[in-house]
file run_36.cif (mmCIF, C-alpha atoms)
data_upload
loop_
_atom_site.label_atom_id
_atom_site.label_comp_id
_atom_site.auth_asym_id
_atom_site.auth_seq_id
_atom_site.Cartn_x
_atom_site.Cartn_y
_atom_site.Cartn_z
CA MET A 1 0.00 0.00 0.00
CA LYS A 2 1.32 3.43 -0.90
CA ARG A 3 1.65 6.12 1.72
CA ARG A 4 -1.14 8.36 0.44
CA ASP A 5 -3.46 5.34 0.09
CA PHE A 6 -2.73 4.42 3.72
CA ILE A 7 -3.72 7.84 4.98
CA SER A 8 -6.93 7.80 2.97
CA ARG A 9 -7.80 4.24 3.89
CA THR A 10 -7.11 4.52 7.60
CA ALA A 11 -8.96 7.82 7.83
CA ALA A 12 -12.03 6.15 6.34
CA ALA A 13 -11.37 2.91 8.24
CA SER A 14 -13.59 1.23 5.70
CA THR A 15 -12.49 -2.38 5.67
CA MET A 16 -11.03 -3.17 9.06
CA VAL A 17 -12.62 -5.69 11.40
CA GLY A 18 -12.68 -4.81 15.08
CA LEU A 19 -12.12 -6.83 18.23
CA THR A 20 -15.85 -7.14 18.73
CA GLY A 21 -16.47 -8.04 15.09
CA LEU A 22 -17.65 -4.57 14.12
CA GLY A 23 -16.14 -2.74 11.19
CA LEU A 24 -14.38 0.42 12.31
CA ASN A 25 -16.49 2.45 9.93
CA SER A 26 -19.62 1.40 11.83
CA CYS A 27 -17.87 2.25 15.10
CA SER A 28 -16.88 5.72 13.97
CA SER A 29 -20.41 6.48 12.77
CA LEU A 30 -21.59 6.09 16.36
CA GLY A 31 -19.34 8.91 17.50
CA ASP A 32 -17.29 6.68 19.81
CA LYS A 33 -13.99 7.71 21.33
CA HIS A 34 -11.08 7.01 19.03
CA ILE A 35 -7.52 6.17 20.11
CA THR A 36 -4.76 5.69 17.52
CA ILE A 37 -1.58 3.79 18.33
CA LEU A 38 1.41 4.11 16.03
CA HIS A 39 4.46 1.92 16.39
CA THR A 40 7.87 0.85 15.12
CA ASN A 41 10.30 -1.92 16.02
CA ASP A 42 13.89 -2.94 15.26
CA VAL A 43 14.77 0.37 13.62
CA HIS A 44 18.46 -0.46 14.23
CA SER A 45 19.84 3.08 13.90
CA HIS A 46 18.48 3.57 10.38
CA ILE A 47 18.19 7.35 10.23
CA ASP A 48 18.31 7.89 6.46
CA PRO A 49 16.20 6.28 3.73
CA PHE A 50 17.74 3.33 1.94
CA PRO A 51 19.73 4.48 -1.14
CA SER A 52 18.15 4.40 -4.58
CA SER A 53 20.62 1.69 -5.54
CA HIS A 54 19.39 -0.72 -2.86
CA GLY A 55 18.11 -3.91 -4.44
CA ARG A 56 15.16 -4.44 -2.09
CA TYR A 57 14.32 -1.24 -0.18
CA ALA A 58 15.32 1.52 -2.61
CA ASN A 59 14.33 4.98 -1.30
CA LEU A 60 12.26 3.53 1.56
CA GLY A 61 12.36 4.43 5.23
CA GLY A 62 14.05 7.33 6.97
CA VAL A 63 13.20 9.29 10.08
CA ALA A 64 12.14 12.42 8.17
CA ARG A 65 9.45 10.55 6.25
CA ARG A 66 8.25 8.83 9.39
CA ALA A 67 8.02 12.19 11.13
CA SER A 68 5.88 13.58 8.33
CA LEU A 69 3.54 10.59 8.41
CA VAL A 70 3.23 10.68 12.20
CA ALA A 71 2.44 14.40 12.09
CA GLN A 72 -0.32 13.86 9.52
CA ILE A 73 -1.93 11.11 11.58
CA ARG A 74 -1.72 13.17 14.78
CA ASN A 75 -3.39 16.02 12.92
CA GLU A 76 -6.15 13.62 11.91
CA ASN A 77 -6.52 12.28 15.46
CA PRO A 78 -4.87 14.16 18.34
CA ASN A 79 -5.55 11.16 20.61
CA THR A 80 -2.53 9.30 19.27
CA LEU A 81 0.32 7.46 20.99
CA LEU A 82 3.67 6.46 19.43
CA PHE A 83 5.62 3.44 20.68
CA ASP A 84 8.71 1.39 19.82
CA ALA A 85 9.25 -2.31 20.57
CA GLY A 86 13.03 -2.31 20.97
CA ASP A 87 16.34 -2.71 19.14
CA ILE A 88 16.61 1.02 18.65
CA PHE A 89 20.41 0.72 18.49
CA GLN A 90 22.97 -0.98 16.22
CA GLY A 91 22.94 -1.30 12.46
CA THR A 92 24.49 1.81 10.89
CA PRO A 93 27.57 3.99 11.52
CA TYR A 94 25.33 6.47 13.32
CA PHE A 95 25.30 4.13 16.30
CA ASN A 96 29.01 3.34 16.06
CA PHE A 97 29.84 7.05 16.13
CA TYR A 98 27.18 8.55 18.43
CA GLY A 99 26.43 5.54 20.65
CA GLY A 100 22.64 5.98 20.48
CA GLU A 101 22.51 9.72 21.15
CA LEU A 102 21.12 10.55 17.72
CA GLU A 103 18.51 7.81 17.87
CA PHE A 104 17.15 8.96 21.24
CA LYS A 105 17.18 12.62 20.26
CA LEU A 106 15.30 11.98 17.03
CA MET A 107 12.74 9.77 18.77
CA SER A 108 12.23 12.63 21.21
CA LYS A 109 11.71 15.03 18.29
CA LEU A 110 9.04 12.67 16.97
CA LYS A 111 7.51 12.66 20.47
CA TYR A 112 7.58 8.94 21.06
CA ASP A 113 5.65 8.13 24.20
CA ALA A 114 7.44 4.93 25.21
CA ALA A 115 9.80 2.17 24.09
CA THR A 116 10.81 -1.18 25.45
CA ILE A 117 14.38 -2.51 25.52
CA GLY A 118 15.68 -4.94 22.91
CA ASN A 119 18.79 -7.09 23.13
CA HIS A 120 20.77 -4.78 20.85
CA ASP A 121 20.02 -1.86 23.12
CA PHE A 122 22.60 -3.44 25.45
CA ASP A 123 25.33 -3.32 22.77
CA ASN A 124 27.17 -0.56 24.63
CA GLY A 125 26.32 -2.15 27.97
CA VAL A 126 24.01 -0.95 30.71
CA ASP A 127 26.34 2.03 31.15
CA GLY A 128 26.00 2.95 27.48
CA LEU A 129 22.22 2.76 27.66
CA LEU A 130 22.18 4.85 30.83
CA ALA A 131 24.31 7.50 29.14
CA GLN A 132 21.64 7.99 26.46
CA ILE A 133 18.60 8.14 28.74
CA PRO A 134 18.93 11.95 29.26
CA ASN A 135 18.58 12.33 25.46
CA GLY A 136 15.17 10.66 25.51
CA THR A 137 11.91 12.30 26.54
CA PHE A 138 9.99 9.02 26.29
CA ASP A 139 9.41 6.31 28.89
CA LEU A 140 11.59 3.18 28.89
CA LEU A 141 9.37 0.26 29.88
CA SER A 142 10.49 -3.23 30.85
CA ALA A 143 8.72 -5.34 33.44
CA ASN A 144 10.71 -8.58 33.21
CA TYR A 145 14.23 -7.15 33.34
CA ASP A 146 15.15 -6.62 36.97
CA PHE A 147 17.72 -3.81 36.99
CA SER A 148 17.87 -3.54 40.79
CA ASN A 149 21.59 -4.30 40.97
CA THR A 150 22.62 -2.24 37.94
CA VAL A 151 23.09 1.44 37.10
CA LEU A 152 19.72 1.37 35.33
CA ASP A 153 17.84 0.90 38.59
CA GLY A 154 15.18 3.59 38.79
CA PHE A 155 15.50 4.63 35.14
CA VAL A 156 13.28 1.92 33.64
CA LYS A 157 9.64 1.43 34.64
CA PRO A 158 7.59 -1.77 34.36
CA TYR A 159 4.57 0.12 33.01
CA HIS A 160 3.10 3.55 32.44
CA ILE A 161 -0.46 4.80 32.12
CA TYR A 162 -1.51 7.34 29.48
CA GLN A 163 -4.84 9.15 29.53
CA LEU A 164 -6.40 10.40 26.30
CA ASP A 165 -9.95 11.71 25.96
CA GLY A 166 -11.00 10.02 29.19
CA ILE A 167 -9.52 6.66 28.16
CA LYS A 168 -6.85 5.08 30.38
CA ILE A 169 -4.22 3.17 28.39
CA GLY A 170 -1.87 0.97 30.39
CA VAL A 171 1.37 0.00 28.67
CA TYR A 172 3.94 -2.52 29.92
CA GLY A 173 7.18 -3.82 28.41
CA LEU A 174 8.71 -7.28 28.02
CA GLY A 175 12.20 -8.27 26.89
CA ILE A 176 13.79 -11.41 25.49
CA ALA A 177 16.15 -13.68 27.45
CA LEU A 178 19.59 -12.10 27.20
CA ASP A 179 21.72 -15.17 27.85
CA GLY A 180 23.15 -16.31 24.52
CA LEU A 181 22.18 -13.06 22.76
CA VAL A 182 24.11 -10.51 24.82
CA THR A 183 27.51 -10.88 26.48
CA LYS A 184 27.18 -11.02 30.27
CA ARG A 185 29.67 -8.17 30.73
CA LEU A 186 27.21 -5.91 28.86
CA TYR A 187 24.02 -6.63 30.77
CA LYS A 188 25.91 -7.31 34.02
CA GLU A 189 23.55 -8.05 36.93
CA THR A 190 20.34 -7.61 34.96
CA VAL A 191 17.99 -10.45 35.92
CA TYR A 192 15.63 -11.91 33.32
CA LEU A 193 12.21 -12.88 34.71
CA ASN A 194 9.66 -15.18 33.09
CA PRO A 195 7.76 -12.92 30.66
CA PHE A 196 4.46 -14.81 30.87
CA GLU A 197 4.35 -14.68 34.66
CA ILE A 198 5.27 -10.99 34.61
CA ALA A 199 2.70 -10.23 31.90
CA LEU A 200 -0.08 -11.76 33.98
CA ASP A 201 0.97 -9.69 36.96
CA GLN A 202 1.24 -6.47 34.96
CA GLU A 203 -2.06 -6.79 33.14
CA ARG A 204 -3.89 -7.74 36.36
CA LYS A 205 -2.49 -4.66 38.05
CA LEU A 206 -3.38 -2.42 35.11
CA LYS A 207 -6.88 -3.83 34.77
CA GLU A 208 -7.96 -4.42 38.36
CA GLU A 209 -5.97 -1.84 40.34
CA GLU A 210 -5.44 0.95 37.81
CA ASN A 211 -8.78 0.43 36.00
CA CYS A 212 -7.29 0.79 32.54
CA ASP A 213 -9.64 0.71 29.54
CA LEU A 214 -6.97 -0.52 27.12
CA ILE A 215 -3.83 -2.57 27.84
CA VAL A 216 -0.85 -2.67 25.49
CA CYS A 217 2.30 -4.78 25.70
CA LEU A 218 5.52 -3.59 24.06
CA SER A 219 7.29 -6.88 23.47
CA HIS A 220 10.75 -7.80 22.25
CA LEU A 221 10.11 -11.53 22.60
CA GLY A 222 9.67 -12.26 18.90
CA TYR A 223 6.57 -13.05 16.85
CA ASP A 224 6.58 -16.87 16.82
CA TYR A 225 9.00 -19.83 16.87
CA GLU A 226 9.04 -23.50 15.91
CA ASN A 227 10.22 -24.33 19.43
CA PRO A 228 6.99 -24.55 21.48
CA GLN A 229 8.90 -23.80 24.70
CA ARG A 230 10.25 -20.47 23.51
CA PRO A 231 8.23 -17.41 24.62
CA SER A 232 6.71 -15.46 21.73
CA ASP A 233 4.06 -12.84 21.08
CA ILE A 234 1.62 -15.40 19.72
CA LYS A 235 1.95 -17.57 22.82
CA LEU A 236 1.72 -14.47 25.02
CA ALA A 237 -1.55 -13.45 23.40
CA GLN A 238 -3.00 -16.88 24.14
CA SER A 239 -1.72 -16.89 27.73
CA THR A 240 -3.08 -13.57 29.02
CA TYR A 241 -6.47 -12.28 30.15
CA HIS A 242 -6.60 -8.52 29.73
CA THR A 243 -3.98 -7.44 27.18
CA ASN A 244 -5.65 -5.97 24.07
CA LEU A 245 -2.64 -5.31 21.85
CA ILE A 246 0.87 -6.77 21.63
CA ILE A 247 3.33 -4.66 19.66
CA GLY A 248 6.24 -6.94 18.87
CA GLY A 249 9.85 -6.89 17.78
CA HIS A 250 13.04 -8.96 17.49
CA THR A 251 12.08 -11.36 14.67
CA HIS A 252 11.78 -8.59 12.00
CA THR A 253 8.37 -9.97 11.02
CA PHE A 254 6.60 -7.96 8.33
CA LEU A 255 2.84 -8.10 8.94
CA ASP A 256 0.45 -6.23 6.64
CA LYS A 257 -2.07 -6.02 9.47
CA PRO A 258 -2.32 -7.34 13.02
CA GLU A 259 -2.88 -11.03 13.66
CA VAL A 260 -5.85 -11.86 15.88
CA ARG A 261 -5.52 -14.46 18.63
CA THR A 262 -7.87 -15.53 21.44
CA ASN A 263 -6.87 -15.00 25.06
CA LEU A 264 -7.77 -17.01 28.17
CA ASN A 265 -11.03 -15.07 28.52
CA GLY A 266 -12.07 -15.96 24.99
CA ASP A 267 -11.52 -12.37 23.82
CA SER A 268 -9.53 -11.22 20.81
CA VAL A 269 -5.97 -9.92 21.11
CA LEU A 270 -4.23 -8.03 18.31
CA VAL A 271 -0.57 -8.94 17.64
CA ASN A 272 1.40 -6.70 15.32
CA GLN A 273 4.98 -6.22 14.12
CA VAL A 274 6.17 -4.05 11.24
CA GLY A 275 9.43 -5.61 10.09
CA ALA A 276 12.60 -3.62 10.71
CA PHE A 277 14.85 -0.68 9.81
CA GLY A 278 12.10 1.97 9.98
CA LEU A 279 10.66 0.79 6.68
CA ASN A 280 7.12 0.64 8.02
CA LEU A 281 4.91 2.39 10.52
CA GLY A 282 2.22 0.39 12.26
CA ARG A 283 -1.16 1.93 12.95
CA VAL A 284 -3.86 0.45 15.17
CA ASP A 285 -7.14 2.27 15.76
CA PHE A 286 -9.34 1.54 18.76
CA TYR A 287 -12.91 2.75 19.19
CA PHE A 288 -14.80 2.84 22.50
CA ASP A 289 -18.55 2.94 22.85
CA ALA A 290 -20.41 4.70 25.65
CA GLU A 291 -19.71 1.77 27.98
CA LYS A 292 -16.03 1.74 26.96
CA LYS A 293 -16.34 -1.55 25.10
CA VAL A 294 -13.50 -1.61 22.60
CA SER A 295 -13.09 -2.62 18.97
CA GLY A 296 -10.14 -2.06 16.70
CA ASP A 297 -7.76 -3.17 14.01
CA GLY A 298 -4.87 -1.75 12.01
CA VAL A 299 -2.53 -1.76 9.06
CA SER A 300 1.17 -1.46 8.25
CA ILE A 301 2.43 1.14 5.80
CA SER A 302 5.68 1.69 3.95
CA VAL A 303 7.34 4.92 5.06
#

call {"tool": "encode", "arguments": {"input": "run_36.cif", "output": "structure tokens"}}
result
Amino acid sequence: MKRRDFISRTAAASTMVGLTGLGLNSCSSLGDKHITILHTNDVHSHIDPFPSSHGRYANLGGVARRASLVAQIRNENPNTLLFDAGDIFQGTPYFNFYGGELEFKLMSKLKYDAATIGNHDFDNGVDGLLAQIPNGTFDLLSANYDFSNTVLDGFVKPYHIYQLDGIKIGVYGLGIALDGLVTKRLYKETVYLNPFEIALDQERKLKEEENCDLIVCLSHLGYDYENPQRPSDIKLAQSTYHTNLIIGGHTHTFLDKPEVRTNLNGDSVLVNQVGAFGLNLGRVDFYFDAEKKVSGDGVSISV
């Protein structure tokens, strides 16, 4: 889908199927509250568009184009949040030279609301990540990395709650097991906790104690794996009760639209991931009726 077609299509929301089975067009005609969630993952320090000579992604991507698209969507719906699902760092000389400073500053310019931490975000160690936190105006969320005995203690939150148009949106983060992916000297005393157990605890807290209307997980677990024992977004969706949307990363999975899975309550959960390198921007629209019952779906668009 071309960029201008995406804007037109998502504004009309004419063909999307919601969590409750309603088309978003029928939801919007009722005048319900509308929350838009935009997201990226595995950008890997790709600041510029791919060169015109690139065999697969010629002229695609780039922070400037993403910024323009995000601004247009926010103009369409001011009740918009922007998230990232990790692996912000590593992949171009920008990271080698600036150590993540440019990435965090540009994300702040785009007014990202939150990001979770991917394995490559440890590539300069916990000290390197800490050094860049002052350059970011967004929340760093990770519930299953225990940073208590590291320099990151107090700088990363398990969850955060955003309020837009009377809707409470609870967002929590989950990270992948670091052993085997990241050298121990880089993550130091960071303790990895079982993501499924932590997810159940976080969503219960957000739903029952914080009374959130919408619950989002920023996950760097990966979309799905052949190994049934390996935690993934698909398995997470089927193992939770209250999470409405899982925004994924790590496996560089290009989805045209969110996958729908059924949770332990028998309700639908949206699972989305938009590839890598800043090539795509994910958009998920949620509509709430007068009783705050939610429906929604989304698309992925080339930047």

call {"tool": "resolve_selection", "arguments": {"input": "run_36.cif", "expression": "the PyMOL selection byres ((chain A and resi 257-260) around 12)", "output": "PyMOL selection string"}}
result
chain A and resi 1+6+10+15-21+39+223-224+233-235+237-238+244-248+253-256+261-263+266-275+280-285+296-301

call {"tool": "residues_near_point", "arguments": {"input": "run_36.cif", "point": "(7.1, 7.1, 17.9)", "cutoff": "8 Å", "atoms": "only C-alpha atoms", "output": "JSON, numbers by chain"}}
result
{"A": [38, 39, 40, 70, 81, 82, 83, 84, 107, 110, 111, 112, 113, 114]}

call {"tool": "residues_around", "arguments": {"input": "run_36.cif", "residues": "Pro195 of chain A", "least_positions_apart": "6", "cutoff": "12 Å", "atoms": "all atoms listed in the file", "output": "MDAnalysis selection string"}}
result
chainID A and resid 142:146 158 172:177 201:203 217:222 230:233 235:237 239:240

call {"tool": "closest_residue", "arguments": {"input": "run_36.cif", "among": "A:Phe286, A:Val191, A:Pro228, A:Lys205", "to": "Tyr159 of chain A", "atoms": "all atoms listed in the file"}}
result
A:Lys205

call {"tool": "resolve_selection", "arguments": {"input": "run_36.cif", "expression": "the PyMOL selection byres ((chain A and resi 46-50) around 8)", "output": "list in words"}}
result
Val43, His44, Ser45, Pro51, Ser52, His54, Tyr57, Ala58, Asn59, Leu60, Gly61, Gly62, Val63, Ala64, Gly91, Thr92, Tyr94, Glu103, Phe277 and Gly278 of chain A

call {"tool": "atom_distance", "arguments": {"input": "run_36.cif", "atom1": "atom CA of Leu152 of chain A", "atom2": "atom CA of Leu186 of chain A"}}
result
12.3 Å

call {"tool": "atom_distance", "arguments": {"input": "run_36.cif", "atom1": "atom CA of Cys212 of chain A", "atom2": "atom CA of Tyr287 of chain A"}}
result
14.6 Å

call {"tool": "residues_around", "arguments": {"input": "run_36.cif", "residues": "Arg185 of chain A", "least_positions_apart": "6", "cutoff": "12 Å", "atoms": "all atoms listed in the file", "output": "PyMOL selection string"}}
result
chain A and resi 122-127+150+178-179

call {"tool": "atom_distance", "arguments": {"input": "run_36.cif", "atom1": "atom CA of Asn41 of chain A", "atom2": "atom CA of Gly249 of chain A"}}
result
5.3 Å

call {"tool": "closest_residue", "arguments": {"input": "run_36.cif", "among": "A:Thr36, A:Ala71, A:Gly100, A:Asp42", "to": "Thr116 of chain A", "atoms": "only C-alpha atoms"}}
result
A:Asp42

call {"tool": "residues_around", "arguments": {"input": "run_36.cif", "residues": "Lys109 of chain A", "least_positions_apart": "3", "cutoff": "10 Å", "atoms": "only C-alpha atoms", "output": "list of chain:residue names"}}
result
A:Ala67, A:Glu103, A:Phe104, A:Lys105, A:Leu106, A:Tyr112, A:Gly136, A:Thr137

call {"tool": "closest_residue", "arguments": {"input": "run_36.cif", "among": "A:Val303, A:Ala131, A:Val182, A:Val216", "to": "Leu279 of chain A", "atoms": "all atoms listed in the file"}}
result
A:Val303

call {"tool": "residues_around", "arguments": {"input": "run_36.cif", "residues": "Asn211 of chain A", "least_positions_apart": "3", "cutoff": "9 Å", "atoms": "only C-alpha atoms", "output": "PyMOL selection string"}}
result
chain A and resi 168+170+205-208

call {"tool": "axis_aligned_box", "arguments": {"input": "run_36.cif", "around": "segment 185-194 of chain A", "padding_each_side": "5 Å", "output": "lines of an AutoDock Vina configuration file"}}
result
center_x = 19.7
center_y = -10.5
center_z = 32.9
size_x = 30.0
size_y = 19.3
size_z = 18.1

call {"tool": "closest_residue", "arguments": {"input": "run_36.cif", "among": "A:Thr80, A:Asp213, A:Asn75, A:His252", "to": "Glu291 of chain A", "atoms": "all atoms listed in the file"}}
result
A:Asp213

call {"tool": "build_atoms", "arguments": {"input": "run_36.cif", "residues": "segment 40-51 of chain A", "atoms": "all heavy atoms", "output": "PDB file, keeping the file's coordinate frame"}}
result
ATOM      1  N   THR A  40       6.737   1.349  15.882  1.00  0.00           N
ATOM      2  CA  THR A  40       7.870   0.850  15.120  1.00  0.00           C
ATOM      3  C   THR A  40       8.552  -0.242  15.936  1.00  0.00           C
ATOM      4  O   THR A  40       8.275  -0.417  17.121  1.00  0.00           O
ATOM      5  CB  THR A  40       8.882   1.964  14.821  1.00  0.00           C
ATOM      6  OG1 THR A  40       9.216   2.632  16.059  1.00  0.00           O
ATOM      7  CG2 THR A  40       8.324   2.990  13.847  1.00  0.00           C
ATOM      8  N   ASN A  41       9.472  -0.956  15.304  1.00  0.00           N
ATOM      9  CA  ASN A  41      10.300  -1.920  16.020  1.00  0.00           C
ATOM     10  C   ASN A  41      11.565  -2.204  15.209  1.00  0.00           C
ATOM     11  O   ASN A  41      11.564  -2.060  13.975  1.00  0.00           O
ATOM     12  CB  ASN A  41       9.555  -3.243  16.259  1.00  0.00           C
ATOM     13  CG  ASN A  41       9.121  -3.945  14.989  1.00  0.00           C
ATOM     14  OD1 ASN A  41       8.047  -3.641  14.451  1.00  0.00           O
ATOM     15  ND2 ASN A  41       9.930  -4.871  14.487  1.00  0.00           N
ATOM     16  N   ASP A  42      12.632  -2.531  15.900  1.00  0.00           N
ATOM     17  CA  ASP A  42      13.890  -2.940  15.260  1.00  0.00           C
ATOM     18  C   ASP A  42      14.350  -1.936  14.199  1.00  0.00           C
ATOM     19  O   ASP A  42      14.752  -2.311  13.102  1.00  0.00           O
ATOM     20  CB  ASP A  42      13.728  -4.332  14.632  1.00  0.00           C
ATOM     21  CG  ASP A  42      13.409  -5.391  15.667  1.00  0.00           C
ATOM     22  OD1 ASP A  42      14.355  -5.891  16.312  1.00  0.00           O
ATOM     23  OD2 ASP A  42      12.212  -5.707  15.849  1.00  0.00           O
ATOM     24  N   VAL A  43      14.319  -0.666  14.565  1.00  0.00           N
ATOM     25  CA  VAL A  43      14.770   0.370  13.620  1.00  0.00           C
ATOM     26  C   VAL A  43      16.280   0.281  13.389  1.00  0.00           C
ATOM     27  O   VAL A  43      16.777   0.605  12.315  1.00  0.00           O
ATOM     28  CB  VAL A  43      14.357   1.762  14.143  1.00  0.00           C
ATOM     29  CG1 VAL A  43      14.910   2.858  13.228  1.00  0.00           C
ATOM     30  CG2 VAL A  43      12.837   1.865  14.218  1.00  0.00           C
ATOM     31  N   HIS A  44      17.017  -0.175  14.381  1.00  0.00           N
ATOM     32  CA  HIS A  44      18.460  -0.460  14.230  1.00  0.00           C
ATOM     33  C   HIS A  44      19.249   0.715  13.658  1.00  0.00           C
ATOM     34  O   HIS A  44      20.025   0.547  12.708  1.00  0.00           O
ATOM     35  CB  HIS A  44      18.659  -1.706  13.376  1.00  0.00           C
ATOM     36  CG  HIS A  44      18.368  -2.990  14.102  1.00  0.00           C
ATOM     37  ND1 HIS A  44      19.079  -3.408  15.205  1.00  0.00           N
ATOM     38  CD2 HIS A  44      17.409  -3.941  13.883  1.00  0.00           C
ATOM     39  CE1 HIS A  44      18.592  -4.579  15.630  1.00  0.00           C
ATOM     40  NE2 HIS A  44      17.574  -4.906  14.855  1.00  0.00           N
ATOM     41  N   SER A  45      19.025   1.888  14.222  1.00  0.00           N
ATOM     42  CA  SER A  45      19.840   3.080  13.900  1.00  0.00           C
ATOM     43  C   SER A  45      19.728   3.515  12.447  1.00  0.00           C
ATOM     44  O   SER A  45      20.597   4.238  11.947  1.00  0.00           O
ATOM     45  CB  SER A  45      21.313   2.826  14.248  1.00  0.00           C
ATOM     46  OG  SER A  45      21.462   2.498  15.615  1.00  0.00           O
ATOM     47  N   HIS A  46      18.668   3.130  11.769  1.00  0.00           N
ATOM     48  CA  HIS A  46      18.480   3.570  10.380  1.00  0.00           C
ATOM     49  C   HIS A  46      17.819   4.954  10.388  1.00  0.00           C
ATOM     50  O   HIS A  46      16.609   5.074  10.552  1.00  0.00           O
ATOM     51  CB  HIS A  46      17.639   2.565   9.601  1.00  0.00           C
ATOM     52  CG  HIS A  46      18.418   1.384   9.136  1.00  0.00           C
ATOM     53  ND1 HIS A  46      18.857   0.398   9.993  1.00  0.00           N
ATOM     54  CD2 HIS A  46      18.867   1.039   7.907  1.00  0.00           C
ATOM     55  CE1 HIS A  46      19.530  -0.521   9.305  1.00  0.00           C
ATOM     56  NE2 HIS A  46      19.557  -0.146   8.029  1.00  0.00           N
ATOM     57  N   ILE A  47      18.645   5.957  10.207  1.00  0.00           N
ATOM     58  CA  ILE A  47      18.190   7.350  10.230  1.00  0.00           C
ATOM     59  C   ILE A  47      17.766   7.810   8.843  1.00  0.00           C
ATOM     60  O   ILE A  47      16.745   8.477   8.674  1.00  0.00           O
ATOM     61  CB  ILE A  47      19.313   8.268  10.761  1.00  0.00           C
ATOM     62  CG1 ILE A  47      19.847   7.764  12.109  1.00  0.00           C
ATOM     63  CG2 ILE A  47      18.825   9.710  10.851  1.00  0.00           C
ATOM     64  CD1 ILE A  47      18.827   7.648  13.204  1.00  0.00           C
ATOM     65  N   ASP A  48      18.557   7.460   7.844  1.00  0.00           N
ATOM     66  CA  ASP A  48      18.310   7.890   6.460  1.00  0.00           C
ATOM     67  C   ASP A  48      17.484   6.855   5.702  1.00  0.00           C
ATOM     68  O   ASP A  48      17.456   5.676   6.078  1.00  0.00           O
ATOM     69  CB  ASP A  48      19.647   8.066   5.726  1.00  0.00           C
ATOM     70  CG  ASP A  48      20.556   9.075   6.405  1.00  0.00           C
ATOM     71  OD1 ASP A  48      20.043  10.129   6.828  1.00  0.00           O
ATOM     72  OD2 ASP A  48      21.772   8.801   6.508  1.00  0.00           O
ATOM     73  N   PRO A  49      16.841   7.264   4.605  1.00  0.00           N
ATOM     74  CA  PRO A  49      16.200   6.280   3.730  1.00  0.00           C
ATOM     75  C   PRO A  49      17.261   5.361   3.110  1.00  0.00           C
ATOM     76  O   PRO A  49      18.433   5.719   3.019  1.00  0.00           O
ATOM     77  CB  PRO A  49      15.528   7.136   2.649  1.00  0.00           C
ATOM     78  CG  PRO A  49      15.484   8.521   3.201  1.00  0.00           C
ATOM     79  CD  PRO A  49      16.647   8.644   4.123  1.00  0.00           C
ATOM     80  N   PHE A  50      16.833   4.194   2.683  1.00  0.00           N
ATOM     81  CA  PHE A  50      17.740   3.330   1.940  1.00  0.00           C
ATOM     82  C   PHE A  50      18.098   4.011   0.614  1.00  0.00           C
ATOM     83  O   PHE A  50      17.278   4.723   0.033  1.00  0.00           O
ATOM     84  CB  PHE A  50      17.085   1.976   1.678  1.00  0.00           C
ATOM     85  CG  PHE A  50      17.168   1.033   2.838  1.00  0.00           C
ATOM     86  CD1 PHE A  50      16.273   1.120   3.897  1.00  0.00           C
ATOM     87  CD2 PHE A  50      18.152   0.056   2.881  1.00  0.00           C
ATOM     88  CE1 PHE A  50      16.355   0.249   4.973  1.00  0.00           C
ATOM     89  CE2 PHE A  50      18.246  -0.823   3.961  1.00  0.00           C
ATOM     90  CZ  PHE A  50      17.347  -0.720   5.010  1.00  0.00           C
ATOM     91  N   PRO A  51      19.317   3.819   0.113  1.00  0.00           N
ATOM     92  CA  PRO A  51      19.730   4.480  -1.140  1.00  0.00           C
ATOM     93  C   PRO A  51      18.939   3.964  -2.335  1.00  0.00           C
ATOM     94  O   PRO A  51      18.384   2.858  -2.308  1.00  0.00           O
ATOM     95  CB  PRO A  51      21.212   4.102  -1.256  1.00  0.00           C
ATOM     96  CG  PRO A  51      21.358   2.859  -0.453  1.00  0.00           C
ATOM     97  CD  PRO A  51      20.391   2.978   0.675  1.00  0.00           C
TER      98      PRO A  51
END
